[in-house]
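Containing mmCIF, C-alpha atoms and all ligand atoms: target32.cif.
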data_run
loop_
_atom_site.label_atom_id
_atom_site.label_comp_id
_atom_site.auth_asym_id
_atom_site.auth_seq_id
_atom_site.Cartn_x
_atom_site.Cartn_y
_atom_site.Cartn_z
CA MET A 30 0.00 0.00 0.00
CA SER A 31 1.12 3.53 -0.70
CA LYS A 32 1.94 5.31 2.53
CA THR A 33 3.04 8.47 0.77
CA LYS A 34 1.00 11.56 1.61
CA TYR A 35 1.28 13.95 -1.31
CA SER A 36 1.90 17.59 -0.41
CA ALA A 37 3.86 20.60 -1.66
CA PHE A 38 6.41 19.89 1.06
CA LYS A 39 6.82 16.29 -0.15
CA VAL A 40 7.35 17.48 -3.76
CA LEU A 41 10.00 19.96 -2.60
CA LYS A 42 11.70 17.38 -0.39
CA GLU A 43 11.83 14.82 -3.21
CA ALA A 44 13.06 17.44 -5.69
CA LEU A 45 15.98 18.13 -3.40
CA THR A 46 16.79 14.53 -2.57
CA GLY A 47 16.84 12.92 -6.01
CA HIS A 48 13.23 11.62 -6.06
CA LYS A 49 14.17 8.47 -4.17
CA GLY A 50 11.27 8.53 -1.71
CA TRP A 51 8.31 8.07 -4.08
CA GLU A 52 6.38 4.82 -3.91
CA PRO A 53 4.28 3.36 -6.75
CA ALA A 54 0.84 5.02 -6.62
CA TRP A 55 -0.92 1.64 -6.61
CA ARG A 56 0.02 -2.03 -6.28
CA ASP A 57 0.24 -3.92 -9.56
CA ALA A 58 -1.51 -7.09 -8.38
CA GLU A 59 -1.90 -10.59 -9.81
CA PRO A 60 -5.21 -12.53 -9.48
CA LYS A 61 -5.79 -14.31 -6.15
CA ALA A 62 -6.26 -18.09 -6.40
CA ASP A 63 -9.35 -18.10 -4.15
CA GLY A 64 -11.04 -15.27 -6.05
CA TYR A 65 -12.81 -12.12 -4.89
CA ASP A 66 -16.08 -10.95 -3.38
CA VAL A 67 -16.45 -8.52 -6.27
CA ILE A 68 -14.80 -8.34 -9.69
CA ILE A 69 -15.08 -5.19 -11.75
CA VAL A 70 -14.34 -5.48 -15.44
CA GLY A 71 -12.77 -2.31 -16.87
CA GLY A 72 -10.19 -0.02 -15.24
CA GLY A 73 -11.60 3.30 -16.46
CA GLY A 74 -13.08 6.08 -14.33
CA HIS A 75 -16.31 4.19 -13.68
CA GLY A 76 -14.70 0.84 -12.79
CA LEU A 77 -12.09 2.37 -10.49
CA ALA A 78 -14.57 4.74 -8.82
CA THR A 79 -16.97 1.82 -8.23
CA ALA A 80 -14.18 -0.18 -6.56
CA TYR A 81 -13.09 2.84 -4.50
CA TYR A 82 -16.58 3.69 -3.20
CA LEU A 83 -17.45 0.02 -2.55
CA ALA A 84 -14.34 -0.18 -0.37
CA LYS A 85 -14.63 3.26 1.22
CA ASN A 86 -18.39 3.59 1.75
CA HIS A 87 -19.47 -0.05 2.01
CA GLY A 88 -16.42 -1.75 3.55
CA ILE A 89 -16.13 -4.32 0.73
CA THR A 90 -12.39 -4.54 0.12
CA ASN A 91 -11.92 -8.02 -1.40
CA ILE A 92 -12.27 -6.55 -4.89
CA ALA A 93 -10.33 -6.88 -8.14
CA VAL A 94 -10.47 -4.41 -11.03
CA LEU A 95 -9.55 -6.22 -14.26
CA GLU A 96 -8.25 -4.02 -17.06
CA LYS A 97 -7.38 -5.41 -20.50
CA GLY A 98 -4.84 -2.65 -21.15
CA TRP A 99 -3.54 -0.09 -18.69
CA ILE A 100 -5.30 2.09 -16.14
CA GLY A 101 -6.62 5.26 -17.75
CA GLY A 102 -6.04 3.96 -21.28
CA GLY A 103 -9.73 4.06 -22.25
CA ASN A 104 -12.19 6.94 -22.65
CA VAL A 105 -11.26 8.39 -19.29
CA GLY A 106 -7.76 9.19 -20.50
CA ARG A 107 -8.79 10.83 -23.77
CA ASN A 108 -11.95 12.84 -23.22
CA THR A 109 -12.35 16.62 -23.39
CA THR A 110 -12.10 16.94 -19.59
CA ILE A 111 -15.31 18.90 -19.01
CA ILE A 112 -17.25 18.65 -15.76
CA ARG A 113 -20.67 20.23 -15.47
CA SER A 114 -24.19 19.82 -14.12
CA ASN A 115 -26.06 22.09 -16.57
CA TYR A 116 -28.87 19.71 -17.49
CA LEU A 117 -32.65 20.12 -17.80
CA LEU A 118 -34.46 16.92 -16.92
CA PRO A 119 -35.15 15.73 -13.36
CA GLY A 120 -33.75 12.34 -14.43
CA ASN A 121 -30.27 13.68 -15.01
CA GLU A 122 -29.83 17.08 -13.31
CA PRO A 123 -29.64 15.70 -9.71
CA PHE A 124 -27.36 12.90 -10.90
CA TYR A 125 -24.88 15.30 -12.51
CA GLU A 126 -25.17 17.73 -9.60
CA MET A 127 -24.14 14.95 -7.21
CA SER A 128 -21.18 14.25 -9.53
CA MET A 129 -20.25 17.96 -9.41
CA GLN A 130 -20.23 17.83 -5.64
CA LEU A 131 -17.97 14.76 -5.78
CA TRP A 132 -15.60 16.61 -8.14
CA GLU A 133 -15.49 19.55 -5.74
CA ASN A 134 -14.09 17.36 -2.93
CA LEU A 135 -12.33 14.72 -5.01
CA GLU A 136 -8.76 15.92 -4.65
CA GLN A 137 -8.96 16.26 -0.87
CA ASP A 138 -10.72 12.90 -0.64
CA LEU A 139 -8.12 11.09 -2.77
CA ASN A 140 -5.10 13.21 -1.74
CA TYR A 141 -4.38 13.42 -5.47
CA ASN A 142 -4.09 16.39 -7.80
CA ALA A 143 -6.73 15.75 -10.48
CA MET A 144 -6.40 19.38 -11.60
CA VAL A 145 -10.07 20.13 -10.95
CA SER A 146 -10.54 23.65 -12.32
CA GLN A 147 -13.94 25.29 -11.85
CA ARG A 148 -13.29 27.86 -14.56
CA GLY A 149 -16.93 27.86 -15.72
CA ILE A 150 -18.73 26.62 -18.80
CA MET A 151 -20.71 28.86 -21.15
CA ASN A 152 -23.35 27.76 -23.69
CA LEU A 153 -23.85 30.35 -26.43
CA ILE A 154 -27.39 31.36 -27.49
CA HIS A 155 -27.99 31.96 -31.21
CA SER A 156 -31.76 32.53 -31.50
CA ASP A 157 -34.80 33.70 -29.52
CA ALA A 158 -36.16 30.16 -29.39
CA GLN A 159 -32.87 28.93 -28.01
CA ARG A 160 -32.91 31.66 -25.36
CA ASP A 161 -36.32 30.39 -24.20
CA ALA A 162 -35.05 26.81 -24.04
CA PHE A 163 -31.90 27.84 -22.15
CA MET A 164 -33.95 29.92 -19.70
CA ARG A 165 -36.00 26.83 -18.95
CA ARG A 166 -32.86 24.80 -18.48
CA GLY A 167 -31.37 27.54 -16.27
CA ASN A 168 -34.43 27.45 -14.00
CA ALA A 169 -34.13 23.65 -13.69
CA MET A 170 -30.49 24.14 -12.71
CA LEU A 171 -31.44 26.72 -10.08
CA PHE A 172 -34.04 24.31 -8.64
CA ALA A 173 -31.27 21.68 -8.28
CA ASP A 174 -28.90 24.21 -6.63
CA ALA A 175 -26.48 23.76 -9.53
CA GLY A 176 -26.08 27.53 -9.97
CA CYS A 177 -26.25 29.33 -13.32
CA GLU A 178 -25.96 32.77 -14.84
CA TYR A 179 -27.54 34.42 -17.90
CA LEU A 180 -25.24 36.71 -19.90
CA ASN A 181 -26.63 39.13 -22.48
CA LYS A 182 -24.88 39.86 -25.76
CA LYS A 183 -22.94 42.83 -24.37
CA GLU A 184 -21.67 40.84 -21.38
CA VAL A 185 -20.54 37.95 -23.61
CA LYS A 186 -18.70 40.41 -25.88
CA GLU A 187 -17.01 42.10 -22.94
CA ARG A 188 -15.74 38.79 -21.60
CA TYR A 189 -14.71 37.25 -24.92
CA PRO A 190 -14.03 40.01 -27.49
CA PHE A 191 -12.56 37.47 -29.95
CA LEU A 192 -15.98 35.78 -30.53
CA ASP A 193 -17.72 36.41 -33.86
CA MET A 194 -20.81 38.06 -32.34
CA ASP A 195 -22.62 39.12 -35.53
CA ASN A 196 -22.12 36.08 -37.73
CA ALA A 197 -24.93 36.17 -40.32
CA ARG A 198 -25.98 32.55 -39.76
CA PHE A 199 -25.32 32.08 -36.02
CA PRO A 200 -25.28 35.52 -34.33
CA ILE A 201 -24.49 35.32 -30.62
CA GLN A 202 -27.40 36.70 -28.61
CA GLY A 203 -26.24 35.79 -25.13
CA ALA A 204 -25.18 32.77 -23.12
CA LEU A 205 -26.16 30.47 -20.27
CA ALA A 206 -23.20 29.92 -17.99
CA GLN A 207 -22.49 27.58 -15.11
CA PRO A 208 -19.62 29.12 -13.12
CA ARG A 209 -19.11 25.90 -11.11
CA GLY A 210 -18.50 23.86 -14.26
CA GLY A 211 -15.00 23.48 -15.65
CA THR A 212 -12.35 20.88 -16.41
CA VAL A 213 -10.29 18.17 -14.75
CA ARG A 214 -7.24 16.26 -15.84
CA HIS A 215 -8.90 13.09 -17.04
CA ASP A 216 -6.18 10.47 -16.66
CA ALA A 217 -5.24 11.83 -13.22
CA VAL A 218 -8.80 11.03 -12.14
CA ALA A 219 -8.18 7.36 -13.02
CA TRP A 220 -4.78 7.36 -11.29
CA GLY A 221 -6.24 9.04 -8.19
CA TYR A 222 -9.06 6.50 -7.91
CA ALA A 223 -6.62 3.63 -8.58
CA ARG A 224 -4.37 4.86 -5.78
CA GLY A 225 -7.28 5.38 -3.38
CA ALA A 226 -8.77 1.95 -4.14
CA SER A 227 -5.41 0.21 -3.90
CA ASP A 228 -4.78 1.85 -0.51
CA LEU A 229 -8.06 0.34 0.70
CA GLY A 230 -6.97 -3.16 -0.39
CA VAL A 231 -8.44 -3.38 -3.91
CA ASP A 232 -6.33 -5.43 -6.39
CA ILE A 233 -5.76 -3.58 -9.66
CA ILE A 234 -4.84 -6.09 -12.33
CA GLN A 235 -3.68 -4.64 -15.64
CA ASN A 236 -3.16 -6.49 -18.95
CA CYS A 237 -5.96 -8.87 -17.96
CA GLU A 238 -8.73 -9.07 -20.57
CA VAL A 239 -12.02 -10.69 -19.65
CA THR A 240 -12.80 -13.18 -22.40
CA GLY A 241 -15.87 -14.89 -20.95
CA PHE A 242 -18.09 -15.47 -17.90
CA ASN A 243 -18.50 -18.69 -15.90
CA ILE A 244 -22.25 -18.95 -15.47
CA GLU A 245 -24.02 -21.89 -13.80
CA ASN A 246 -27.80 -22.08 -13.30
CA GLY A 247 -28.11 -18.45 -14.25
CA LYS A 248 -25.56 -17.36 -11.62
CA CYS A 249 -22.25 -15.78 -12.55
CA LEU A 250 -19.50 -17.49 -10.52
CA GLY A 251 -16.51 -15.76 -12.06
CA VAL A 252 -14.77 -14.64 -15.20
CA GLN A 253 -12.45 -16.14 -17.80
CA THR A 254 -9.45 -13.93 -18.49
CA THR A 255 -6.15 -13.90 -20.32
CA LYS A 256 -4.60 -14.61 -16.88
CA GLY A 257 -6.88 -17.61 -16.26
CA ASP A 258 -10.25 -18.07 -14.57
CA ILE A 259 -10.99 -15.91 -11.52
CA LYS A 260 -13.80 -16.72 -9.06
CA ALA A 261 -16.13 -13.92 -7.94
CA GLY A 262 -19.17 -13.45 -5.70
CA ARG A 263 -20.42 -10.60 -7.88
CA VAL A 264 -19.25 -9.19 -11.21
CA GLY A 265 -19.69 -5.59 -12.39
CA VAL A 266 -18.96 -4.54 -15.96
CA CYS A 267 -17.79 -0.95 -16.66
CA VAL A 268 -16.36 -1.09 -20.16
CA ALA A 269 -18.01 1.93 -21.84
CA GLY A 270 -18.00 1.47 -25.62
CA SER A 271 -17.26 -2.25 -25.28
CA SER A 272 -20.38 -2.89 -23.16
CA SER A 273 -22.42 -4.68 -25.86
CA ARG A 274 -19.46 -6.80 -26.95
CA VAL A 275 -18.47 -7.85 -23.41
CA MET A 276 -22.03 -8.49 -22.20
CA ALA A 277 -22.69 -10.61 -25.29
CA LYS A 278 -20.10 -13.03 -23.84
CA ALA A 279 -22.47 -13.46 -20.89
CA GLY A 280 -25.36 -14.10 -23.28
CA ILE A 281 -26.91 -10.68 -22.67
CA ASN A 282 -27.72 -8.55 -25.70
CA LEU A 283 -27.73 -4.93 -24.65
CA PRO A 284 -29.79 -2.45 -26.67
CA ILE A 285 -26.70 -0.28 -27.07
CA GLU A 286 -24.72 0.58 -30.17
CA SER A 287 -21.32 2.25 -29.76
CA HIS A 288 -20.28 5.17 -31.94
CA VAL A 289 -16.91 6.84 -32.27
CA LEU A 290 -16.55 10.23 -30.58
CA GLN A 291 -13.44 12.22 -31.40
CA ALA A 292 -11.83 15.32 -29.96
CA PHE A 293 -9.23 17.48 -31.65
CA VAL A 294 -6.24 18.83 -29.78
CA THR A 295 -4.19 21.72 -31.14
CA GLU A 296 -0.54 22.42 -30.55
CA GLY A 297 0.17 24.44 -27.39
CA LEU A 298 -1.32 27.94 -27.59
CA LYS A 299 -0.87 30.81 -25.17
CA PRO A 300 -3.84 31.24 -22.80
CA VAL A 301 -6.70 33.18 -24.41
CA MET A 302 -9.74 31.35 -23.05
CA ASP A 303 -10.35 30.99 -19.33
CA ASN A 304 -13.62 29.12 -19.76
CA VAL A 305 -15.26 26.27 -21.66
CA ILE A 306 -17.23 27.82 -24.56
CA THR A 307 -19.95 25.80 -26.26
CA PHE A 308 -21.37 26.65 -29.69
CA GLY A 309 -25.12 26.49 -29.11
CA ALA A 310 -26.20 25.36 -32.58
CA GLY A 311 -24.18 22.16 -32.89
CA HIS A 312 -21.99 19.77 -30.91
CA PHE A 313 -18.85 21.87 -30.85
CA TYR A 314 -16.99 23.30 -27.89
CA CYS A 315 -13.56 24.67 -27.04
CA SER A 316 -11.47 24.91 -23.93
CA GLN A 317 -7.83 25.38 -23.10
CA LEU A 318 -6.14 22.80 -20.94
CA THR A 319 -4.09 23.78 -17.93
CA LYS A 320 -2.11 20.65 -18.61
CA ALA A 321 0.78 22.37 -20.43
CA ALA A 322 1.23 25.15 -17.90
CA SER A 323 0.90 22.84 -14.95
CA SER A 324 3.17 20.18 -16.32
CA LEU A 325 5.78 22.89 -16.79
CA ALA A 326 5.67 23.48 -13.07
CA VAL A 327 6.13 19.78 -12.44
CA ILE A 328 8.90 19.44 -15.01
CA SER A 329 10.79 22.23 -13.30
CA MET A 330 11.02 20.08 -10.21
CA HIS A 331 11.97 16.99 -12.17
CA THR A 332 14.65 18.05 -14.64
CA THR A 333 18.23 17.79 -13.51
CA PRO A 334 19.41 21.33 -14.40
CA MET A 335 16.54 22.95 -12.52
CA ARG A 336 16.97 20.66 -9.58
CA ASN A 337 20.62 21.56 -9.47
CA VAL A 338 19.81 25.26 -9.49
CA VAL A 339 17.31 24.97 -6.63
CA THR A 340 19.55 22.63 -4.67
CA TYR A 341 22.56 24.83 -5.32
CA LEU A 342 20.85 28.04 -4.15
CA LEU A 343 19.55 26.46 -0.94
CA TRP A 344 22.88 24.78 -0.38
CA LYS A 345 24.73 28.05 -0.90
CA MET A 346 22.49 29.88 1.57
CA CYS A 347 23.10 27.26 4.25
CA VAL A 348 26.82 27.10 3.57
CA LEU A 349 27.24 30.87 3.80
CA ALA A 350 25.36 30.91 7.08
CA VAL A 351 27.50 28.08 8.51
CA TRP A 352 30.64 29.66 7.12
CA ARG A 353 29.97 33.04 8.75
CA LEU A 354 29.13 31.38 12.03
CA CYS A 355 32.38 29.42 11.90
CA LEU A 356 34.43 32.52 11.14
CA TRP A 357 32.96 34.17 14.18
CA LEU A 358 33.82 31.07 16.20
CA VAL A 359 37.43 31.35 14.98
CA VAL A 360 37.49 35.03 15.92
CA LEU A 361 36.09 34.22 19.34
CA ASP A 362 38.55 31.38 19.82
CA CYS A 363 41.47 33.52 18.73
CA CYS A 364 40.44 36.28 21.08
CA VAL A 365 40.43 33.78 23.89
CA CYS A 366 43.51 31.77 22.88
CA GLY A 367 45.85 34.54 21.84
CA ALA A 368 46.11 37.45 19.50
CA ALA A 369 49.11 35.97 17.69
CA SER A 370 47.34 33.14 15.92
CA TRP A 371 44.42 35.38 15.07
CA THR A 372 46.71 38.03 13.52
CA CYS A 373 48.43 35.32 11.54
CA LEU A 374 45.13 33.94 10.32
CA TRP A 375 43.73 37.34 9.40
CA THR A 376 46.90 38.43 7.59
CA ALA A 377 46.90 35.27 5.48
CA HIS A 378 43.27 35.76 4.66
CA ARG A 379 43.63 39.43 3.65
CA LEU A 380 46.77 38.80 1.67
CA LEU A 381 45.23 36.04 -0.39
CA THR A 382 41.97 37.94 -0.83
CA ARG A 383 43.83 40.90 -2.21
CA LEU A 384 45.43 38.60 -4.70
CA THR A 385 41.84 37.64 -5.54
CA PHE A 386 42.50 33.99 -4.84
CA LYS A 387 39.38 33.92 -2.73
CA ASN A 388 39.06 30.19 -2.63
CA CYS A 389 42.72 29.86 -1.62
CA SER A 390 42.23 32.32 1.18
CA LEU A 391 39.21 30.41 2.39
CA MET A 392 41.20 27.22 2.20
CA ALA A 393 43.98 28.83 4.20
CA VAL A 394 41.46 29.78 6.84
CA GLY A 395 40.20 26.21 6.76
CA VAL A 396 43.68 24.67 7.08
CA MET A 397 44.60 26.95 9.93
CA ALA A 398 41.30 26.29 11.60
CA ALA A 399 41.90 22.56 11.13
CA LEU A 400 45.30 22.90 12.71
CA ARG A 401 43.63 24.65 15.59
CA GLN A 402 41.06 21.82 15.63
CA HIS A 403 38.09 23.94 14.70
CA LEU A 404 35.87 21.12 13.62
CA PRO A 405 32.90 23.28 12.48
CA VAL A 406 35.16 25.23 10.18
CA VAL A 407 36.52 22.03 8.66
CA ILE A 408 32.97 20.85 8.04
CA ALA A 409 32.09 24.22 6.52
CA MET A 410 35.07 23.94 4.19
CA ARG A 411 33.96 20.51 3.11
CA ILE A 412 30.47 21.83 2.40
CA TYR A 413 31.87 24.86 0.62
CA TRP A 414 33.63 22.77 -2.01
CA GLN A 415 30.59 20.67 -2.70
CA PRO A 416 28.32 23.39 -4.18
CA THR A 417 31.22 24.57 -6.28
CA SER A 418 31.29 21.19 -7.95
CA LEU A 419 27.51 21.22 -8.10
CA MET A 420 27.69 24.53 -9.93
CA LYS A 421 30.02 23.00 -12.49
CA LEU A 422 27.55 20.17 -12.95
CA GLN A 423 24.79 22.69 -13.43
CA GLN A 424 26.77 24.60 -16.03
CA LEU A 425 27.40 21.38 -17.88
CA SER A 426 23.76 20.31 -17.94
CA VAL A 427 22.12 23.68 -18.79
C1 LIG B 501 -13.64 12.20 -27.33
C2 LIG B 501 -14.41 12.10 -26.06
C3 LIG B 501 -14.69 13.25 -25.35
C4 LIG B 501 -15.40 13.17 -24.14
N1 LIG B 501 -15.57 14.31 -23.42
C5 LIG B 501 -16.12 14.24 -22.18
C6 LIG B 501 -16.18 15.40 -21.36
O1 LIG B 501 -15.73 16.47 -21.74
N2 LIG B 501 -16.73 15.26 -20.13
C7 LIG B 501 -17.22 14.05 -19.67
O2 LIG B 501 -17.71 14.00 -18.53
N3 LIG B 501 -17.17 12.96 -20.44
C8 LIG B 501 -16.62 13.01 -21.66
N4 LIG B 501 -16.53 11.88 -22.43
C9 LIG B 501 -17.12 10.65 -21.92
C10 LIG B 501 -16.26 10.01 -20.84
O3 LIG B 501 -14.89 10.04 -21.19
C11 LIG B 501 -16.70 8.60 -20.63
O4 LIG B 501 -18.07 8.56 -20.36
C12 LIG B 501 -15.98 7.95 -19.46
O5 LIG B 501 -14.60 8.14 -19.52
C13 LIG B 501 -16.29 6.48 -19.48
O6 LIG B 501 -15.57 5.89 -18.41
P1 LIG B 501 -15.57 4.34 -18.29
O7 LIG B 501 -14.80 3.98 -17.08
O8 LIG B 501 -16.97 3.87 -18.38
O9 LIG B 501 -14.86 3.87 -19.63
P2 LIG B 501 -13.28 3.78 -20.10
O10 LIG B 501 -12.53 4.89 -19.47
O11 LIG B 501 -13.33 3.66 -21.54
O12 LIG B 501 -12.88 2.44 -19.38
C14 LIG B 501 -13.32 1.18 -19.83
C15 LIG B 501 -12.15 0.25 -19.73
O13 LIG B 501 -12.60 -1.06 -19.95
C16 LIG B 501 -11.54 -1.76 -20.57
N5 LIG B 501 -12.07 -2.95 -21.19
C17 LIG B 501 -12.83 -3.05 -22.30
N6 LIG B 501 -13.10 -4.33 -22.56
C18 LIG B 501 -12.50 -5.07 -21.57
C19 LIG B 501 -12.42 -6.46 -21.29
N7 LIG B 501 -12.99 -7.37 -22.08
N8 LIG B 501 -11.70 -6.84 -20.22
C20 LIG B 501 -11.10 -5.95 -19.40
N9 LIG B 501 -11.14 -4.62 -19.64
C21 LIG B 501 -11.84 -4.18 -20.71
C22 LIG B 501 -10.97 -0.75 -21.55
O14 LIG B 501 -9.62 -1.07 -21.88
C23 LIG B 501 -11.07 0.54 -20.77
O15 LIG B 501 -9.87 0.89 -20.10
C24 LIG B 501 -15.85 11.91 -23.66
C25 LIG B 501 -15.57 10.75 -24.37
C26 LIG B 501 -14.84 10.84 -25.55
C27 LIG B 501 -14.51 9.56 -26.30
#
Using the file provided, produce a representation of the structure as C-alpha cells.
Amino acid sequence: MSKTKYSAFKVLKEALTGHKGWEPAWRDAEPKADGYDVIIVGGGGHGLATAYYLAKNHGITNIAVLEKGWIGGGNVGRNTTIIRSNYLLPGNEPFYEMSMQLWENLEQDLNYNAMVSQRGIMNLIHSDAQRDAFMRRGNAMLFADAGCEYLNKKEVKERYPFLDMDNARFPIQGALAQPRGGTVRHDAVAWGYARGASDLGVDIIQNCEVTGFNIENGKCLGVQTTKGDIKAGRVGVCVAGSSSRVMAKAGINLPIESHVLQAFVTEGLKPVMDNVITFGAGHFYCSQLTKAASSLAVISMHTTPMRNVVTYLLWKMCVLAVWRLCLWLVVLDCCVCGAASWTCLWTAHRLLTRLTFKNCSLMAVGVMAALRQHLPVVIAMRIYWQPTSLMKLQQLSV
C-alpha cells in the first residue's frame, strides 16, 4: 500500500533529494487463487470509482479491477475533460449535480491532484427560441442548486471580445453559464481513484482481458481472463464502448450501439480562453487545458538542471550561514587563545583575498582552523567545495 501523503512539502523534499522517496501510486496485483467478493471489469473512471466507493463507503475490500490494457487507457484518459451539471431533466440534473459535488471534494478525498478547475462553462445562445429553451434549463439548474448565470450579448462580448458576435448565420445573442463547471485532468482522475482503491486493499490487475463469464444455473460465478479463470461473488462490468461486446459473452444482448466520438487537440497555444465555450447550434466546444502550464511546473522540479539550481541556491544559503558562524567562532577562539594566531590567520586571509585567490584564502582559513582543531570550520570547508562542484555540474547540464 502507498503510505506516501502527497503535499507541496513532499514534492519539494523529493526534488531536493533525487526523487528516491516516491512509492508506486498503486500495487500492480496478480489474481488471487481463491477469487474475490467482487470483480469489476474495466479499469476506467467508472470501474475504479466503483471499486473505491465500494471499499470506502461499504467496507467491501476483497475486490479486483480487471483491465485489459492499462489504467486510464480508455475513454477516461482521452476525453475533453469537461465537468458540469447544466442539465434540464429531473432524471439527469440531480445525478450530474451529485457528480459535481464529488468533483469539488475529489482531490482532498483522494489526496491526489486531479487538476479540478472550476473555470466555468458557457453555452452560447444563437436565436430567440434557443434563449427560451436555455432559460427553462437555467431554471431547472437553479431548482437543483447547480447555480447558473444568464449573460446578455454585451456581457458575452465584454468577456470574450474574440468571438464572432454578428455572424450572419449564427449571431451570438447571449449565453447560459455555469460558473461551477470546468475541467479536470482526465487520466489523473483514473490514477487518483486507482491509488485510493489500492490503498483500501483493492487489487488492480492490468493487462488482464475478460474473455468470458463462468455462469451456472443463471448465476455468474466468475470470469475467464487472459490470466486464467478468476472466481467472484459478484461481477460488475464498466467497459463503456465495449459494453455490448463484453455483455454478449455473458449471453446478454444490450440495446446499445457504440459510436466513435473524437476530440481534436491543437498544438500548445498561449492562454486566451479561461472558460469552456460551447457553440449552441451544434456539438462543438472549445477549452484550453491547464495541462501544459501545470506540467511545466512539475517538469521544473523533475529536470536535472533545474533541480541543481534549486539545490545549489539552498545549499549556498546554508553554507554561507554556517561559514559566517564558523568565522565568528574562529574570531572568538582567537580572542580567547591569543592574539598571535588570530593576527596570523587574518593576515593570510587578507593577503590572499587581495590577490583575488578567494578560494585559496578560504582554504587557508580552513587549514589553519583545522590545525587549531576547529571542527565546524573544517565541516564548513567541506560543504563549501561541494556546491562549487555542483555549480560546475549545473553549467554542464544547462
Ligand atoms: C472524445 C471524447 C470526449 C469526451 N468528453 C467528455 C467530457 O468532456 N466530459 C465528460 O464528462 N465525459 C466526456 N466523455 C465521456 C467520458 O470520457 C466517458 O463517459 C468515461 O470516460 C467512461 O468511463 P468508463 O470507465 O466507463 O470507460 P473507459 O474509461 O473507456 O474504461 C473502460 C475500460 O474497460 C476496458 N475494457 C474493455 N473491454 C475489456 C475487457 N474485455 N476486459 C477488461 N477490460 C476491458 C478498456 O480497456 C477501458 O480501459 C468523452 C468521451 C470521448 C470519447
Which residues of chain A sit at most 6 Å from ligand LIG 501 (chain B), using only C-alpha atoms and all ligand atoms? Give each one's shortest atom pair and distance in Å (one decimal place), in chain and ascending residue order, as a tab-separated table.
residue	atom	partner	partner_atom	distance
A:Val70	CA	B:LIG501	C20	5.1
A:Gly71	CA	B:LIG501	O13	3.3
A:Gly72	CA	B:LIG501	C15	4.9
A:Gly73	CA	B:LIG501	O12	3.3
A:Gly74	CA	B:LIG501	O7	3.9
A:His75	CA	B:LIG501	O7	3.7
A:Gly76	CA	B:LIG501	O7	5.3
A:Leu95	CA	B:LIG501	C20	5.4
A:Glu96	CA	B:LIG501	N9	3.9
A:Lys97	CA	B:LIG501	C20	3.9
A:Gly98	CA	B:LIG501	O14	5.1
A:Gly101	CA	B:LIG501	O15	5.9
A:Gly102	CA	B:LIG501	O15	5.0
A:Gly103	CA	B:LIG501	O11	3.7
A:Asn104	CA	B:LIG501	O11	3.6
A:Val105	CA	B:LIG501	O5	3.4
A:Asn108	CA	B:LIG501	C3	3.5
A:Thr109	CA	B:LIG501	O1	3.8
A:Thr110	CA	B:LIG501	O1	4.2
A:Ile111	CA	B:LIG501	O1	3.7
A:Ile112	CA	B:LIG501	O2	5.4
A:Glu238	CA	B:LIG501	N8	3.7
A:Val239	CA	B:LIG501	N8	3.9
A:Thr240	CA	B:LIG501	N7	5.8
A:Cys267	CA	B:LIG501	O8	5.2
A:Val268	CA	B:LIG501	O13	3.8
A:Ala269	CA	B:LIG501	O8	4.1
A:Ser271	CA	B:LIG501	N6	5.4
A:Val275	CA	B:LIG501	N7	5.7
A:Leu290	CA	B:LIG501	C1	4.8
A:Gln291	CA	B:LIG501	C1	4.1
A:Ala292	CA	B:LIG501	C1	4.5
(message) Excluding Glu286 (chain A) and its own-chain neighbours fewer than 4 positions away, which residues fall within 9 Å of it when counting all atoms listed in the file? Please give them as JSON, numbers by chain.
(response) {"A": [270, 272, 273]}
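Neighbourhood of point (-9.7, 34.7, -28.2): residues with an atom at most 10 Å away, counting all atoms listed in the file, are Arg188, Tyr189, Pro190, Phe191, Leu192, Asp193, Pro300, Val301, Met302 and Asp303 of chain A.
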Pairwise distance, CA of Gly251 (chain A) with CA of Lys61 (chain A), equals 12.3 Å
Residues of region 173-212 of chain A at most 10 Å from region 306-316 of chain A: nearest atom pair and distance in Å, only C-alpha atoms, as CSV:
residue,atom,partner,partner_atom,distance
A:Tyr189,CA,A:Ile306,CA,9.8
A:Phe199,CA,A:Ala310,CA,7.6
A:Ile201,CA,A:Gly309,CA,9.0
A:Ala204,CA,A:Gly309,CA,8.7
A:Leu205,CA,A:Gly309,CA,9.8
A:Ala206,CA,A:Ile306,CA,9.1
A:Gly211,CA,A:Ser316,CA,9.1
A:Thr212,CA,A:Ser316,CA,8.6
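Reported to one decimal place, the separation of CA of Ala223 (chain A) from CA of Tyr65 (chain A) is 17.3 Å.
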Restricting to only C-alpha atoms, whichever of A:Pro284, A:Gly47, A:Gly149, A:Pro119 is closest to Gly210 (chain A) is A:Gly149
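Interatomic distance, CA of Leu77 (chain A) against CA of Ala226 (chain A): 7.2 Å.
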Discussion item. Which residues are near region 158-174 of chain A? Cut-off 12 Å, all atoms listed in the file, ignore same chain within fewer than 6 positions. Put them as a ChimeraX atom specification.
Written reply: /A:113-127,129-130,151-152,180-182,199-209,308-310
The residue from A:Leu45, A:Leu318, A:Ala261, A:Ala219 with the smallest atom-to-atom distance to Val67 (chain A), counting all atoms listed in the file, is A:Ala261
### Message
Residues near Val145 (chain A), anyone? I mean within 8 Å using only C-alpha atoms, not counting same-chain ones fewer than 5 positions away, as a PyMOL selection string.
### Response
chain A and resi 132-133+136+211-214
Output the selection as an mmCIF file, in the frame of the given file - C-alpha atoms for each residue.
data_model
loop_
_atom_site.group_PDB
_atom_site.id
_atom_site.type_symbol
_atom_site.label_atom_id
_atom_site.label_comp_id
_atom_site.auth_asym_id
_atom_site.auth_seq_id
_atom_site.Cartn_x
_atom_site.Cartn_y
_atom_site.Cartn_z
ATOM 1 C CA TRP A 132 -15.600 16.610 -8.140
ATOM 2 C CA GLU A 133 -15.490 19.550 -5.740
ATOM 3 C CA GLU A 136 -8.760 15.920 -4.650
ATOM 4 C CA GLY A 211 -15.000 23.480 -15.650
ATOM 5 C CA THR A 212 -12.350 20.880 -16.410
ATOM 6 C CA VAL A 213 -10.290 18.170 -14.750
ATOM 7 C CA ARG A 214 -7.240 16.260 -15.840
#
Please determine an axis-aligned box that encloses all atoms of region 60-75 of chain A listed in the file, with 3 Å added on each side, and express its centre and edge lengths in Å to one decimal as lines of an AutoDock Vina configuration file.
center_x = -10.8
center_y = -6.0
center_z = -10.1
size_x = 17.2
size_y = 30.2
size_z = 19.5
